[in-house]
$ cat structure_14.cif   # mmCIF, C-alpha atoms
data_start
loop_
_atom_site.group_PDB
_atom_site.id
_atom_site.type_symbol
_atom_site.label_atom_id
_atom_site.label_comp_id
_atom_site.auth_asym_id
_atom_site.auth_seq_id
_atom_site.Cartn_x
_atom_site.Cartn_y
_atom_site.Cartn_z
ATOM 1 C CA MET A 1 -75.095 -216.723 95.327
ATOM 2 C CA SER A 2 -76.608 -215.299 98.344
ATOM 3 C CA PHE A 3 -80.034 -213.731 98.407
ATOM 4 C CA GLY A 4 -78.576 -210.208 98.694
ATOM 5 C CA GLU A 5 -76.211 -210.678 95.768
ATOM 6 C CA ALA A 6 -79.039 -212.032 93.627
ATOM 7 C CA ARG A 7 -81.039 -208.856 94.291
ATOM 8 C CA VAL A 8 -78.101 -206.647 93.274
ATOM 9 C CA ALA A 9 -77.546 -208.630 90.078
ATOM 10 C CA ASN A 10 -81.213 -208.450 89.192
ATOM 11 C CA PHE A 11 -81.243 -204.663 89.813
ATOM 12 C CA ARG A 12 -78.223 -204.111 87.544
ATOM 13 C CA ALA A 13 -79.783 -206.183 84.770
ATOM 14 C CA LYS A 14 -82.945 -204.112 84.771
ATOM 15 C CA SER A 15 -81.165 -200.738 85.030
ATOM 16 C CA LYS A 16 -80.483 -198.837 81.795
ATOM 17 C CA PRO A 17 -77.160 -197.125 81.234
ATOM 18 C CA ALA A 18 -77.287 -193.395 82.030
ATOM 19 C CA THR A 19 -77.644 -191.146 79.004
ATOM 20 C CA ARG A 20 -74.841 -188.642 78.678
ATOM 21 C CA VAL A 21 -75.947 -185.109 77.850
ATOM 22 C CA ILE A 22 -73.499 -183.228 75.715
ATOM 23 C CA TRP A 23 -73.871 -179.424 75.635
ATOM 24 C CA LYS A 24 -73.704 -177.925 72.192
ATOM 25 C CA PRO A 25 -73.416 -174.226 71.644
ATOM 26 C CA GLN A 26 -76.275 -172.520 69.874
ATOM 27 C CA SER A 27 -75.593 -170.945 66.557
ATOM 28 C CA HIS A 28 -74.847 -167.197 66.791
ATOM 29 C CA PRO A 29 -74.838 -164.864 63.810
ATOM 30 C CA VAL A 30 -71.608 -163.264 64.936
ATOM 31 C CA GLY A 31 -69.189 -164.019 67.749
ATOM 32 C CA PRO A 32 -66.818 -166.662 69.052
ATOM 33 C CA LEU A 33 -69.525 -169.364 69.048
ATOM 34 C CA SER A 34 -70.813 -168.743 65.530
ATOM 35 C CA GLY A 35 -68.053 -170.479 63.707
ATOM 36 C CA GLN A 36 -67.474 -167.289 61.730
ATOM 37 C CA PRO A 37 -64.344 -165.181 62.034
ATOM 38 C CA ARG A 38 -64.694 -162.017 64.185
ATOM 39 C CA ARG A 39 -64.512 -158.751 62.298
ATOM 40 C CA ARG A 40 -61.271 -156.977 62.773
ATOM 41 C CA ARG A 41 -61.274 -153.324 63.840
ATOM 42 C CA LYS A 42 -59.535 -151.020 61.466
ATOM 43 C CA ALA A 43 -56.271 -149.661 62.662
ATOM 44 C CA GLY A 44 -56.384 -146.182 64.096
ATOM 45 C CA LYS A 45 -57.983 -144.396 66.971
ATOM 46 C CA ARG A 46 -60.224 -146.318 69.324
ATOM 47 C CA PRO A 47 -63.831 -145.047 69.268
ATOM 48 C CA THR A 48 -64.631 -142.751 72.176
ATOM 49 C CA ARG A 49 -67.669 -143.372 74.313
ATOM 50 C CA LYS A 50 -69.942 -140.633 75.496
ATOM 51 C CA PRO A 51 -69.524 -140.046 79.239
ATOM 52 C CA GLY A 52 -72.318 -141.510 81.338
ATOM 53 C CA PRO A 53 -73.166 -141.902 84.977
ATOM 54 C CA PHE A 54 -70.837 -144.875 85.294
ATOM 55 C CA SER A 55 -68.154 -143.834 82.800
ATOM 56 C CA GLY A 56 -65.330 -143.538 85.344
ATOM 57 C CA LEU A 57 -64.199 -142.718 88.819
ATOM 58 C CA ALA A 58 -64.481 -139.005 88.141
ATOM 59 C CA SER A 59 -68.283 -139.339 88.008
ATOM 60 C CA LEU A 60 -68.551 -141.110 91.373
ATOM 61 C CA PRO A 61 -68.808 -137.914 93.493
ATOM 62 C CA ALA A 62 -71.613 -136.614 91.278
ATOM 63 C CA LEU A 63 -73.343 -139.993 91.464
ATOM 64 C CA ALA A 64 -73.029 -140.031 95.236
ATOM 65 C CA SER A 65 -74.468 -136.521 95.449
ATOM 66 C CA SER A 66 -77.416 -137.549 93.299
ATOM 67 C CA LEU A 67 -78.123 -140.577 95.489
ATOM 68 C CA VAL A 68 -77.938 -138.476 98.642
ATOM 69 C CA ALA A 69 -80.309 -135.910 97.144
ATOM 70 C CA LEU A 70 -82.785 -138.665 96.283
ATOM 71 C CA THR A 71 -82.641 -140.404 99.653
ATOM 72 C CA HIS A 72 -82.796 -137.136 101.603
ATOM 73 C CA LYS A 73 -85.513 -135.430 99.606
ATOM 74 C CA PRO A 74 -87.574 -133.348 102.080
ATOM 75 C CA GLN A 75 -91.113 -134.587 102.570
ATOM 76 C CA ARG A 76 -94.058 -132.307 103.233
ATOM 77 C CA SER A 77 -95.867 -133.050 106.451
ATOM 78 C CA LEU A 78 -99.173 -132.195 104.766
ATOM 79 C CA SER A 79 -101.059 -133.842 101.948
ATOM 80 C CA LEU A 80 -102.236 -131.843 98.951
ATOM 81 C CA LEU A 81 -105.815 -132.089 100.238
ATOM 82 C CA ALA A 82 -104.786 -130.663 103.630
ATOM 83 C CA ILE A 83 -102.966 -127.778 101.930
ATOM 84 C CA MET A 84 -106.069 -126.967 99.912
ATOM 85 C CA ASP A 85 -108.159 -127.082 103.098
ATOM 86 C CA TYR A 86 -105.843 -124.597 104.825
ATOM 87 C CA GLN A 87 -105.933 -122.261 101.837
ATOM 88 C CA ALA A 88 -109.732 -122.464 101.747
ATOM 89 C CA ALA A 89 -109.936 -121.705 105.482
ATOM 90 C CA ALA A 90 -107.665 -118.671 105.065
ATOM 91 C CA THR A 91 -109.728 -117.381 102.141
ATOM 92 C CA TRP A 92 -112.934 -117.866 104.137
ATOM 93 C CA ALA A 93 -111.496 -115.867 107.041
ATOM 94 C CA ALA A 94 -110.587 -113.024 104.663
ATOM 95 C CA GLU A 95 -114.097 -113.000 103.211
ATOM 96 C CA GLN A 96 -115.623 -112.885 106.689
ATOM 97 C CA LEU A 97 -113.487 -109.896 107.669
ATOM 98 C CA GLN A 98 -114.553 -108.039 104.561
ATOM 99 C CA SER A 99 -118.198 -108.690 105.423
ATOM 100 C CA TYR A 100 -117.633 -107.405 108.979
ATOM 101 C CA ARG A 101 -115.997 -104.312 107.554
ATOM 102 C CA LYS A 102 -118.876 -103.546 105.209
ATOM 103 C CA ASP A 103 -121.713 -104.304 107.630
ATOM 104 C CA PRO A 104 -122.470 -101.298 109.894
ATOM 105 C CA ASP A 105 -125.399 -102.895 111.721
ATOM 106 C CA GLY A 106 -125.467 -104.020 115.319
ATOM 107 C CA TRP A 107 -122.228 -102.469 116.608
ATOM 108 C CA ARG A 108 -122.298 -101.092 120.163
ATOM 109 C CA SER A 109 -119.564 -98.872 121.555
ATOM 110 C CA CYS A 110 -117.845 -100.247 124.679
ATOM 111 C CA LYS A 111 -114.608 -98.259 125.090
ATOM 112 C CA ARG A 112 -112.871 -95.212 123.637
ATOM 113 C CA THR A 113 -109.411 -93.723 124.281
ATOM 114 C CA ASN A 114 -107.088 -91.353 122.442
ATOM 115 C CA GLU A 115 -105.628 -94.296 120.491
ATOM 116 C CA VAL A 116 -108.647 -96.488 119.725
ATOM 117 C CA ALA A 117 -112.430 -96.773 119.569
ATOM 118 C CA ILE A 118 -113.818 -100.222 120.385
ATOM 119 C CA SER A 119 -117.272 -101.611 119.619
ATOM 120 C CA TRP A 120 -118.835 -105.066 119.731
ATOM 121 C CA ARG A 121 -121.745 -107.193 118.628
ATOM 122 C CA PRO A 122 -122.718 -110.841 119.187
ATOM 123 C CA SER A 123 -120.645 -113.274 117.176
ATOM 124 C CA SER A 124 -122.311 -115.445 114.561
ATOM 125 C CA GLU A 125 -119.547 -118.063 114.930
ATOM 126 C CA PHE A 126 -119.667 -118.947 118.639
ATOM 127 C CA ARG A 127 -121.326 -117.972 121.913
ATOM 128 C CA GLY A 128 -119.272 -114.842 122.449
ATOM 129 C CA ASN A 129 -118.649 -111.398 121.009
ATOM 130 C CA LEU A 130 -117.032 -109.977 117.901
ATOM 131 C CA TYR A 131 -114.979 -106.863 118.676
ATOM 132 C CA LYS A 132 -114.066 -104.107 116.201
ATOM 133 C CA ALA A 133 -111.287 -101.624 116.941
ATOM 134 C CA GLU A 134 -110.383 -98.497 114.937
ATOM 135 C CA GLY A 135 -107.368 -96.320 115.614
ATOM 136 C CA MET A 136 -104.629 -94.218 114.061
ATOM 137 C CA ILE A 137 -100.974 -95.308 114.368
ATOM 138 C CA PRO A 138 -98.337 -92.588 113.797
ATOM 139 C CA ALA A 139 -96.164 -94.572 111.395
ATOM 140 C CA LYS A 140 -95.882 -95.741 107.798
ATOM 141 C CA THR A 141 -98.099 -98.657 106.794
ATOM 142 C CA GLU A 142 -95.089 -100.895 106.086
ATOM 143 C CA ASP A 143 -93.656 -100.209 109.539
ATOM 144 C CA VAL A 144 -96.949 -100.955 111.258
ATOM 145 C CA PHE A 145 -97.148 -104.270 109.417
ATOM 146 C CA LYS A 146 -93.570 -105.177 110.414
ATOM 147 C CA CYS A 147 -94.721 -105.113 114.039
ATOM 148 C CA LEU A 148 -97.700 -107.356 113.208
ATOM 149 C CA ARG A 149 -96.135 -109.759 110.694
ATOM 150 C CA PRO A 150 -96.712 -113.443 111.603
ATOM 151 C CA GLU A 151 -93.188 -114.847 111.934
ATOM 152 C CA THR A 152 -91.134 -116.899 114.339
ATOM 153 C CA GLY A 153 -89.380 -114.670 116.856
ATOM 154 C CA GLY A 154 -90.744 -111.515 115.241
ATOM 155 C CA LEU A 155 -91.305 -108.055 116.675
ATOM 156 C CA ARG A 156 -94.705 -108.958 118.093
ATOM 157 C CA GLU A 157 -93.062 -110.855 120.938
ATOM 158 C CA LYS A 158 -91.174 -107.707 121.961
ATOM 159 C CA TRP A 159 -94.048 -105.273 122.349
ATOM 160 C CA ASP A 160 -97.352 -107.139 122.778
ATOM 161 C CA GLN A 161 -97.839 -107.846 126.485
ATOM 162 C CA ASN A 162 -100.459 -110.476 125.652
ATOM 163 C CA VAL A 163 -98.102 -112.501 123.438
ATOM 164 C CA LYS A 164 -95.388 -114.738 124.836
ATOM 165 C CA GLU A 165 -94.246 -116.492 121.661
ATOM 166 C CA VAL A 166 -95.159 -116.734 117.974
ATOM 167 C CA ALA A 167 -93.910 -119.683 115.888
ATOM 168 C CA VAL A 168 -94.610 -120.560 112.251
ATOM 169 C CA ILE A 169 -95.462 -124.271 112.267
ATOM 170 C CA GLU A 170 -95.765 -124.627 108.490
ATOM 171 C CA THR A 171 -95.546 -122.336 105.474
ATOM 172 C CA ILE A 172 -98.247 -123.206 102.931
ATOM 173 C CA ASN A 173 -97.186 -120.624 100.334
ATOM 174 C CA GLU A 174 -95.776 -117.098 100.277
ATOM 175 C CA ASN A 175 -99.055 -115.666 101.615
ATOM 176 C CA VAL A 176 -100.395 -118.420 103.882
ATOM 177 C CA CYS A 177 -98.840 -120.028 106.957
ATOM 178 C CA ILE A 178 -99.817 -121.913 110.116
ATOM 179 C CA THR A 179 -98.814 -120.220 113.376
ATOM 180 C CA ARG A 180 -98.850 -121.165 117.037
ATOM 181 C CA THR A 181 -99.189 -118.265 119.469
ATOM 182 C CA THR A 182 -98.841 -118.623 123.213
ATOM 183 C CA THR A 183 -99.974 -116.061 125.768
ATOM 184 C CA PRO A 184 -98.992 -115.568 129.401
ATOM 185 C CA SER A 185 -101.465 -115.568 132.253
ATOM 186 C CA ALA A 186 -103.581 -112.424 132.215
ATOM 187 C CA PHE A 187 -106.149 -110.380 134.076
ATOM 188 C CA MET A 188 -104.457 -110.742 137.463
ATOM 189 C CA LYS A 189 -103.760 -114.418 136.618
ATOM 190 C CA ILE A 190 -107.461 -115.213 136.495
ATOM 191 C CA ILE A 191 -106.861 -116.271 132.869
ATOM 192 C CA SER A 192 -104.202 -118.998 132.692
ATOM 193 C CA PRO A 193 -101.713 -119.313 129.764
ATOM 194 C CA ARG A 194 -103.346 -119.981 126.407
ATOM 195 C CA GLU A 195 -102.201 -121.252 123.024
ATOM 196 C CA PHE A 196 -103.756 -120.565 119.627
ATOM 197 C CA LEU A 197 -103.194 -122.409 116.354
ATOM 198 C CA ASP A 198 -104.240 -120.411 113.295
ATOM 199 C CA VAL A 199 -103.967 -120.312 109.536
ATOM 200 C CA VAL A 200 -102.916 -116.782 108.575
ATOM 201 C CA LEU A 201 -103.365 -115.069 105.213
ATOM 202 C CA THR A 202 -101.462 -111.894 104.311
ATOM 203 C CA ARG A 203 -102.589 -109.717 101.402
ATOM 204 C CA HIS A 204 -100.937 -106.632 99.920
ATOM 205 C CA HIS A 205 -103.349 -104.456 97.931
ATOM 206 C CA GLU A 206 -102.554 -102.008 95.144
ATOM 207 C CA ASP A 207 -103.596 -98.992 97.232
ATOM 208 C CA GLY A 208 -100.967 -99.867 99.834
ATOM 209 C CA THR A 209 -103.352 -101.582 102.259
ATOM 210 C CA ILE A 210 -101.882 -104.625 104.012
ATOM 211 C CA ALA A 211 -104.282 -107.105 105.590
ATOM 212 C CA CYS A 212 -103.388 -109.979 107.912
ATOM 213 C CA MET A 213 -106.341 -112.327 108.558
ATOM 214 C CA ALA A 214 -106.639 -115.594 110.468
ATOM 215 C CA THR A 215 -108.878 -118.326 111.839
ATOM 216 C CA HIS A 216 -108.311 -121.388 114.027
ATOM 217 C CA VAL A 217 -107.227 -124.756 112.580
ATOM 218 C CA ASP A 218 -105.655 -128.047 113.694
ATOM 219 C CA HIS A 219 -102.236 -129.318 112.585
ATOM 220 C CA PRO A 220 -100.649 -132.783 112.995
ATOM 221 C CA LEU A 221 -97.357 -131.281 114.201
ATOM 222 C CA CYS A 222 -98.982 -129.233 116.941
ATOM 223 C CA PRO A 223 -101.145 -131.084 119.469
ATOM 224 C CA VAL A 224 -102.305 -129.299 122.604
ATOM 225 C CA GLN A 225 -99.288 -128.596 124.805
ATOM 226 C CA PRO A 226 -99.188 -129.290 128.570
ATOM 227 C CA ASN A 227 -99.829 -126.338 130.888
ATOM 228 C CA TYR A 228 -101.784 -124.486 128.170
ATOM 229 C CA VAL A 229 -105.467 -124.166 127.404
ATOM 230 C CA ARG A 230 -106.202 -124.274 123.666
ATOM 231 C CA GLY A 231 -108.164 -121.188 122.670
ATOM 232 C CA LEU A 232 -109.911 -120.673 119.334
ATOM 233 C CA ASN A 233 -109.641 -117.606 117.140
ATOM 234 C CA TYR A 234 -112.626 -117.252 114.835
ATOM 235 C CA PRO A 235 -112.195 -114.982 111.769
ATOM 236 C CA CYS A 236 -110.059 -112.110 113.011
ATOM 237 C CA GLY A 237 -107.208 -109.893 111.892
ATOM 238 C CA CYS A 238 -105.718 -106.467 111.287
ATOM 239 C CA ILE A 239 -106.063 -104.220 108.241
ATOM 240 C CA CYS A 240 -103.391 -101.524 107.844
ATOM 241 C CA ILE A 241 -104.788 -98.697 105.675
ATOM 242 C CA PRO A 242 -102.604 -95.826 104.407
ATOM 243 C CA THR A 243 -103.845 -92.311 105.175
ATOM 244 C CA PRO A 244 -104.129 -90.254 101.946
ATOM 245 C CA GLY A 245 -101.748 -87.288 102.006
ATOM 246 C CA GLU A 246 -100.186 -88.395 105.302
ATOM 247 C CA PRO A 247 -97.657 -91.188 104.652
ATOM 248 C CA ASN A 248 -96.562 -91.306 108.302
ATOM 249 C CA LYS A 249 -100.031 -92.203 109.543
ATOM 250 C CA THR A 250 -101.813 -95.531 109.249
ATOM 251 C CA GLN A 251 -105.415 -96.352 110.049
ATOM 252 C CA LEU A 252 -105.524 -99.710 111.808
ATOM 253 C CA LEU A 253 -108.822 -101.577 111.640
ATOM 254 C CA SER A 254 -108.901 -104.755 113.726
ATOM 255 C CA PHE A 255 -111.378 -107.523 114.461
ATOM 256 C CA PHE A 256 -111.071 -109.834 117.470
ATOM 257 C CA GLN A 257 -113.260 -112.917 117.889
ATOM 258 C CA THR A 258 -111.751 -115.294 120.409
ATOM 259 C CA ASP A 259 -113.038 -118.205 122.441
ATOM 260 C CA LEU A 260 -110.584 -118.364 125.342
ATOM 261 C CA GLY A 261 -111.709 -121.857 126.321
ATOM 262 C CA GLY A 262 -111.680 -123.157 129.868
ATOM 263 C CA ASN A 263 -114.397 -122.324 132.377
ATOM 264 C CA LEU A 264 -114.083 -118.555 132.564
ATOM 265 C CA PRO A 265 -117.092 -116.537 133.744
ATOM 266 C CA GLN A 266 -118.599 -114.480 130.931
ATOM 267 C CA THR A 267 -118.172 -111.294 132.989
ATOM 268 C CA VAL A 268 -114.399 -111.892 133.098
ATOM 269 C CA VAL A 269 -114.215 -112.403 129.340
ATOM 270 C CA GLU A 270 -116.291 -109.302 128.574
ATOM 271 C CA SER A 271 -114.100 -107.186 130.855
ATOM 272 C CA PHE A 272 -110.834 -108.615 129.537
ATOM 273 C CA PHE A 273 -111.166 -107.951 125.803
ATOM 274 C CA PRO A 274 -111.775 -104.173 125.748
ATOM 275 C CA SER A 275 -108.859 -103.710 128.161
ATOM 276 C CA SER A 276 -106.634 -106.058 126.149
ATOM 277 C CA ILE A 277 -107.427 -104.328 122.832
ATOM 278 C CA THR A 278 -106.646 -100.911 124.351
ATOM 279 C CA GLY A 279 -103.253 -102.234 125.481
ATOM 280 C CA PHE A 280 -102.690 -103.700 122.013
ATOM 281 C CA TYR A 281 -103.093 -100.314 120.271
ATOM 282 C CA ASN A 282 -101.117 -98.454 122.918
ATOM 283 C CA GLY A 283 -98.228 -100.936 122.734
ATOM 284 C CA LEU A 284 -98.180 -100.926 118.937
ATOM 285 C CA ALA A 285 -98.060 -97.111 118.752
ATOM 286 C CA LYS A 286 -95.018 -97.117 121.013
ATOM 287 C CA ALA A 287 -93.354 -100.066 119.264
ATOM 288 C CA VAL A 288 -93.272 -98.497 115.790
ATOM 289 C CA VAL A 289 -91.394 -95.532 117.244
ATOM 290 C CA LYS A 290 -89.047 -97.464 119.550
ATOM 291 C CA LEU A 291 -88.293 -100.632 117.586
ATOM 292 C CA LEU A 292 -88.167 -99.155 114.073
ATOM 293 C CA ALA A 293 -86.532 -95.796 114.810
#
$ encode --input "structure_14.cif" --output "structure tokens"
Amino acid sequence: MSFGEARVANFRAKSKPATRVIWKPQSHPVGPLSGQPRRRRKAGKRPTRKPGPFSGLASLPALASSLVALTHKPQRSLSLLAIMDYQAAATWAAEQLQSYRKDPDGWRSCKRTNEVAISWRPSSEFRGNLYKAEGMIPAKTEDVFKCLRPETGGLREKWDQNVKEVAVIETINENVCITRTTTPSAFMKIISPREFLDVVLTRHHEDGTIACMATHVDHPLCPVQPNYVRGLNYPCGCICIPTPGEPNKTQLLSFFQTDLGGNLPQTVVESFFPSSITGFYNGLAKAVVKLLA
């Protein structure tokens, strides 16, 4: 016997035979493996199952629609905290306008025409002026508001020479929205095109007064656009007040408080606003007659 064969023989002698594992079924109380006979169903009608989401081919379209609705559920671009911040900013702007309206101190007259009387005082929000304008518009309050309503492609674009485009970036609720307003160059092109991003609050009061109030904000969907200077509107807005006994007349009380941005000389800014506000009232008075006739 060779050395190699001796090693193989020795290995076989030491090795134990492999243990065979036989699988045995576990005991089941009922069923084919329990050893007990299966219960027989009584003759007659088969029991009907309640329809479910997977009960047949007829439910597949409904299932597909449900899956599509789940996978394509619209997502808000804003968090709940951001929404609350926008609502708080809008409420703050409204409160500021009410305080301006009630406070008679410090106003100085700067311009008066047949349509509007304009006064100003230093702003408490930035290094500029707060302007107040009061005038009478020969139209119903609802019609005046239609020309001022903050909406994408609304009437404001058609009559306001200082507005190029208004777009609603996001609707927070039925009374609050975020708008982007762009303006063309103005004042003999000394003032280049501007853009303004504001949160706007609209309130309808029981006496028929409609107020539209705003202040500047930021929004993730609206960074500063090329070829525009971002201006800032501090608490501002228009208050449309019905005239008692004269339904076709509306008192329009407005507040303007705008930082145009850029490097404009203060003399240019102070000359621009009274002229711009006069054009605003004049254009609005004509618009309610022409556009809503």
$ residues_around --input "structure_14.cif" --residues "Lys140 in chain A" --least-positions-apart "4" --cutoff "10 Å" --atoms "all atoms listed in the file" --output "PDB file with C-alpha atoms, in the coordinates of the input"
ATOM      1  CA  VAL A 144     -96.949-100.955 111.258  1.00  0.00           C
ATOM      2  CA  PHE A 145     -97.148-104.270 109.417  1.00  0.00           C
ATOM      3  CA  CYS A 240    -103.391-101.524 107.844  1.00  0.00           C
ATOM      4  CA  ILE A 241    -104.788 -98.697 105.675  1.00  0.00           C
ATOM      5  CA  PRO A 242    -102.604 -95.826 104.407  1.00  0.00           C
ATOM      6  CA  THR A 243    -103.845 -92.311 105.175  1.00  0.00           C
ATOM      7  CA  GLU A 246    -100.186 -88.395 105.302  1.00  0.00           C
ATOM      8  CA  PRO A 247     -97.657 -91.188 104.652  1.00  0.00           C
ATOM      9  CA  ASN A 248     -96.562 -91.306 108.302  1.00  0.00           C
ATOM     10  CA  LYS A 249    -100.031 -92.203 109.543  1.00  0.00           C
ATOM     11  CA  THR A 250    -101.813 -95.531 109.249  1.00  0.00           C
ATOM     12  CA  GLN A 251    -105.415 -96.352 110.049  1.00  0.00           C
ATOM     13  CA  VAL A 288     -93.272 -98.497 115.790  1.00  0.00           C
TER      14      VAL A 288
END
$ closest_residue --input "structure_14.cif" --among "A:Glu134, A:Asp85, A:Asp198, A:Glu165" --to "Val116 in chain A" --atoms "all atoms listed in the file"
A:Glu134
$ closest_residue --input "structure_14.cif" --among "A:Val269, A:Ala90, A:Val163, A:Ile169" --to "Pro220 in chain A" --atoms "all atoms listed in the file"
A:Ile169
$ atom_distance --input "structure_14.cif" --atom1 "CA of Arg112 in chain A" --atom2 "CA of Thr183 in chain A"
24.6 Å
$ closest_residue --input "structure_14.cif" --among "A:Ala287, A:Leu232, A:Ile137, A:Val199" --to "Thr91 in chain A" --atoms "all atoms listed in the file"
A:Val199
$ closest_residue --input "structure_14.cif" --among "A:Phe272, A:Tyr281, A:Tyr100, A:Trp92" --to "Met188 in chain A" --atoms "all atoms listed in the file"
A:Phe272
$ axis_aligned_box --input "structure_14.cif" --around "range 92-106 of chain A" --padding-each-side "6 Å" --output "lines of an AutoDock Vina configuration file"
center_x = -118.0
center_y = -109.6
center_z = 109.3
size_x = 26.9
size_y = 28.6
size_z = 24.1
$ resolve_selection --input "structure_14.cif" --expression "the PyMOL selection byres ((chain A and resi 93) around 9)" --output "JSON list (two decimals) with C-alpha atoms, keeping the file's coordinate frame"
[["chain", "number", "residue", "atom", "x", "y", "z"],
["A", 88, "ALA", "CA", -109.73, -122.46, 101.75],
["A", 89, "ALA", "CA", -109.94, -121.70, 105.48],
["A", 90, "ALA", "CA", -107.66, -118.67, 105.06],
["A", 91, "THR", "CA", -109.73, -117.38, 102.14],
["A", 92, "TRP", "CA", -112.93, -117.87, 104.14],
["A", 94, "ALA", "CA", -110.59, -113.02, 104.66],
["A", 95, "GLU", "CA", -114.10, -113.00, 103.21],
["A", 96, "GLN", "CA", -115.62, -112.88, 106.69],
["A", 97, "LEU", "CA", -113.49, -109.90, 107.67],
["A", 98, "GLN", "CA", -114.55, -108.04, 104.56],
["A", 200, "VAL", "CA", -102.92, -116.78, 108.58],
["A", 201, "LEU", "CA", -103.36, -115.07, 105.21],
["A", 213, "MET", "CA", -106.34, -112.33, 108.56],
["A", 214, "ALA", "CA", -106.64, -115.59, 110.47],
["A", 215, "THR", "CA", -108.88, -118.33, 111.84],
["A", 234, "TYR", "CA", -112.63, -117.25, 114.84],
["A", 235, "PRO", "CA", -112.20, -114.98, 111.77],
["A", 236, "CYS", "CA", -110.06, -112.11, 113.01],
["A", 237, "GLY", "CA", -107.21, -109.89, 111.89]]
$ residues_around --input "structure_14.cif" --residues "Phe126 in chain A" --least-positions-apart "6" --cutoff "9 Å" --atoms "only C-alpha atoms" --output "ChimeraX atom specification"
/A:234,257-259
$ atom_distance --input "structure_14.cif" --atom1 "CA of Cys222 in chain A" --atom2 "CA of Leu197 in chain A"
8.0 Å
$ residues_near_point --input "structure_14.cif" --point "(-113.7, -105.9, 127.5)" --cutoff "12 Å" --atoms "only C-alpha atoms" --output "PyMOL selection string"
chain A and resi 109-112+118-120+128-133+187+256-258+266-279
$ write_last_selection --input "structure_14.cif" --atoms "C-alpha atoms" --output "JSON list (two decimals), in the frame of the given file"
[["chain", "number", "residue", "atom", "x", "y", "z"],
["A", 109, "SER", "CA", -119.56, -98.87, 121.56],
["A", 110, "CYS", "CA", -117.84, -100.25, 124.68],
["A", 111, "LYS", "CA", -114.61, -98.26, 125.09],
["A", 112, "ARG", "CA", -112.87, -95.21, 123.64],
["A", 118, "ILE", "CA", -113.82, -100.22, 120.38],
["A", 119, "SER", "CA", -117.27, -101.61, 119.62],
["A", 120, "TRP", "CA", -118.84, -105.07, 119.73],
["A", 128, "GLY", "CA", -119.27, -114.84, 122.45],
["A", 129, "ASN", "CA", -118.65, -111.40, 121.01],
["A", 130, "LEU", "CA", -117.03, -109.98, 117.90],
["A", 131, "TYR", "CA", -114.98, -106.86, 118.68],
["A", 132, "LYS", "CA", -114.07, -104.11, 116.20],
["A", 133, "ALA", "CA", -111.29, -101.62, 116.94],
["A", 187, "PHE", "CA", -106.15, -110.38, 134.08],
["A", 256, "PHE", "CA", -111.07, -109.83, 117.47],
["A", 257, "GLN", "CA", -113.26, -112.92, 117.89],
["A", 258, "THR", "CA", -111.75, -115.29, 120.41],
["A", 266, "GLN", "CA", -118.60, -114.48, 130.93],
["A", 267, "THR", "CA", -118.17, -111.29, 132.99],
["A", 268, "VAL", "CA", -114.40, -111.89, 133.10],
["A", 269, "VAL", "CA", -114.22, -112.40, 129.34],
["A", 270, "GLU", "CA", -116.29, -109.30, 128.57],
["A", 271, "SER", "CA", -114.10, -107.19, 130.85],
["A", 272, "PHE", "CA", -110.83, -108.62, 129.54],
["A", 273, "PHE", "CA", -111.17, -107.95, 125.80],
["A", 274, "PRO", "CA", -111.78, -104.17, 125.75],
["A", 275, "SER", "CA", -108.86, -103.71, 128.16],
["A", 276, "SER", "CA", -106.63, -106.06, 126.15],
["A", 277, "ILE", "CA", -107.43, -104.33, 122.83],
["A", 278, "THR", "CA", -106.65, -100.91, 124.35],
["A", 279, "GLY", "CA", -103.25, -102.23, 125.48]]
$ atom_distance --input "structure_14.cif" --atom1 "CA of Gly261 in chain A" --atom2 "CA of Arg194 in chain A"
8.6 Å
$ residues_around --input "structure_14.cif" --residues "Gly154 in chain A" --least-positions-apart "4" --cutoff "9 Å" --atoms "all atoms listed in the file" --output "ChimeraX atom specification"
/A:146-150,158,165-167
$ closest_residue --input "structure_14.cif" --among "A:Val289, A:Leu260, A:Cys238, A:Gln225" --to "Arg127 in chain A" --atoms "only C-alpha atoms"
A:Leu260
$ closest_residue --input "structure_14.cif" --among "A:Ile172, A:Arg121, A:Glu142, A:Leu264" --to "Ser79 in chain A" --atoms "all atoms listed in the file"
A:Ile172
